[in-house]
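Structure, as structure tokens:
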Amino acid sequence: MKKFLLSAAAICSLTAPAFAADLGPRTYTKAPPPAYTAPEVVYNWTGFYIGGNVGGAFAGSNNIQSDAGRFMGGVQGGFDYQFAPNWVMGVEAQYSWMASNNTGVIFPGGSTATENTRGLGSVTGRLGYTWGPALLYAKGGYAFRDSTLGVNTGGGIQSAYTTSGNRNDGYTVGAGLEYMFAPSWSAKVEYQYYKFGDTNFTGGPADVVGTSFRNDDHTVKAGINYRFGWGGPAVAKY
């Protein structure tokens, strides 16, 4: 038995090299590199910003001013804070100058009242929801305007008058979409409604006294903001 095992081992040792030679050279394949995963970009809305806007304004119904569209352009600035983690809240101050539009109404007795709004301003709070570079928001707060009002008699003579109501102070509400298109830069489109106290004539020409007019404007604006970013600009998250 011992001789048999020794003989088998000798045969295997002699035939193994020949068998290996018949198999040919062994090839090696390099493992493919792991797939690349792009870093996730994290957009940070927290920080101060300043910017400008252009757009148009349209007076509502029963205004002394014509409801024809007027060009407007202005500036805005504010501060946003991002939390929870996709919500953004903030405050914003905004002022827009308006193209001259000294229009008015003619009363039954021939008297006229003319009004020209030279600018609209607001101080509002904002609350929005962000996903990626986009921010959808609503806003509301205090509004004021710079306007002049004049009354003439039917003969074209300037007349004294009195009114009740706070015709240049009121409120504003609106909504918009803002998009962060580059680090520290964002662009927005926004609708904003301004409502001021009614103009109620309590004195003046007889055909003017007792009349009342609304003071409101619908505005659509496009703007751009530069963001200083307390939390830093958009960063890559791995």
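Simple scheme: letters A, B, ... for chains in structure tokens order, numbers from 1 for residues in each chain, numbers from 1 for ligands in the order shown.
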
Secondary structure check, helix (DSSP H, G or I) residues of region 7-216 of chain A, as number ranges by chain: A: 7-23

Quick one: residues within 9 Å of Gln192 (chain A), only C-alpha atoms counted, chain neighbours fewer than 5 positions away excluded, as number ranges by chain? A: 139-140, 172-176, 217-221

Produce a file of the selected residues containing C-alpha atoms, as a compact mmCIF listing (two decimals), in the first residue's frame.
# COMPACT_ATOMS: atom_id res chain seq x y z
CA LYS A 139 -45.37 87.90 1.72
CA GLY A 140 -47.42 90.56 3.45
CA THR A 172 -49.73 94.67 0.80
CA VAL A 173 -49.82 90.93 0.10
CA GLY A 174 -48.13 88.92 -2.60
CA ALA A 175 -46.37 85.77 -3.71
CA GLY A 176 -43.40 84.87 -5.84
CA ASP A 217 -52.56 98.65 -7.34
CA HIS A 218 -51.76 95.26 -8.82
CA THR A 219 -48.07 94.85 -9.66
CA VAL A 220 -45.95 92.24 -11.42
CA LYS A 221 -42.18 92.47 -11.00

Residues at most 9 Å from region 178-183 of chain A, counting only C-alpha atoms, excluding those fewer than 3 positions away in the same chain, as a VMD selection string? chain A and resid 43 45 132 to 137 186 to 190 223 to 224 227 232 to 235

As number ranges by chain, please: all residues of region 2-229 of chain A that backbone DSSP puts in strand (DSSP E). A: 40-42, 47-59, 70-83, 87-98, 103-106, 112-131, 134-152, 158-159, 162-164, 169-182, 185-203, 212-227

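Computed from the coordinates, the CA of Thr124 (chain A) to CA of Val54 (chain A) distance equals 18.4 Å.
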
Using only C-alpha atoms: which of A:Ser212, A:Ile106, A:Tyr193, A:Pro85 has the shortest distance to Gly60 (chain A):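 The answer is A:Tyr193, which sits nearest to Gly60 (chain A).
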
Among listed residues A:Ser122, A:Asn225, A:Ser159, A:Asn62, nearest Thr199 (chain A) (using only C-alpha atoms): A:Asn62

Could you check how far CA of Gly197 (chain A) sits from CA of Tyr171 (chain A), in Å to one decimal?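 These atoms are spaced 9.2 Å apart.
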
List the neighbours of Phe201 (chain A) out to 10 Å using only C-alpha atoms; skip same-chain residues closer than 6 positions along the sequence, and give me the result as a list in words.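 Within the cut-off, the hits are Tyr161, Thr162, Thr163, Ser164, Gly165, Val208, Val209, Gly210, Thr211, Ser212 and Phe213 of chain A.
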
Measure the distance from CA of Thr112 (chain A) to CA of Lys195 (chain A) in Å and round it to one decimal.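 Rounded to one decimal, the two atoms are 23.1 Å apart.
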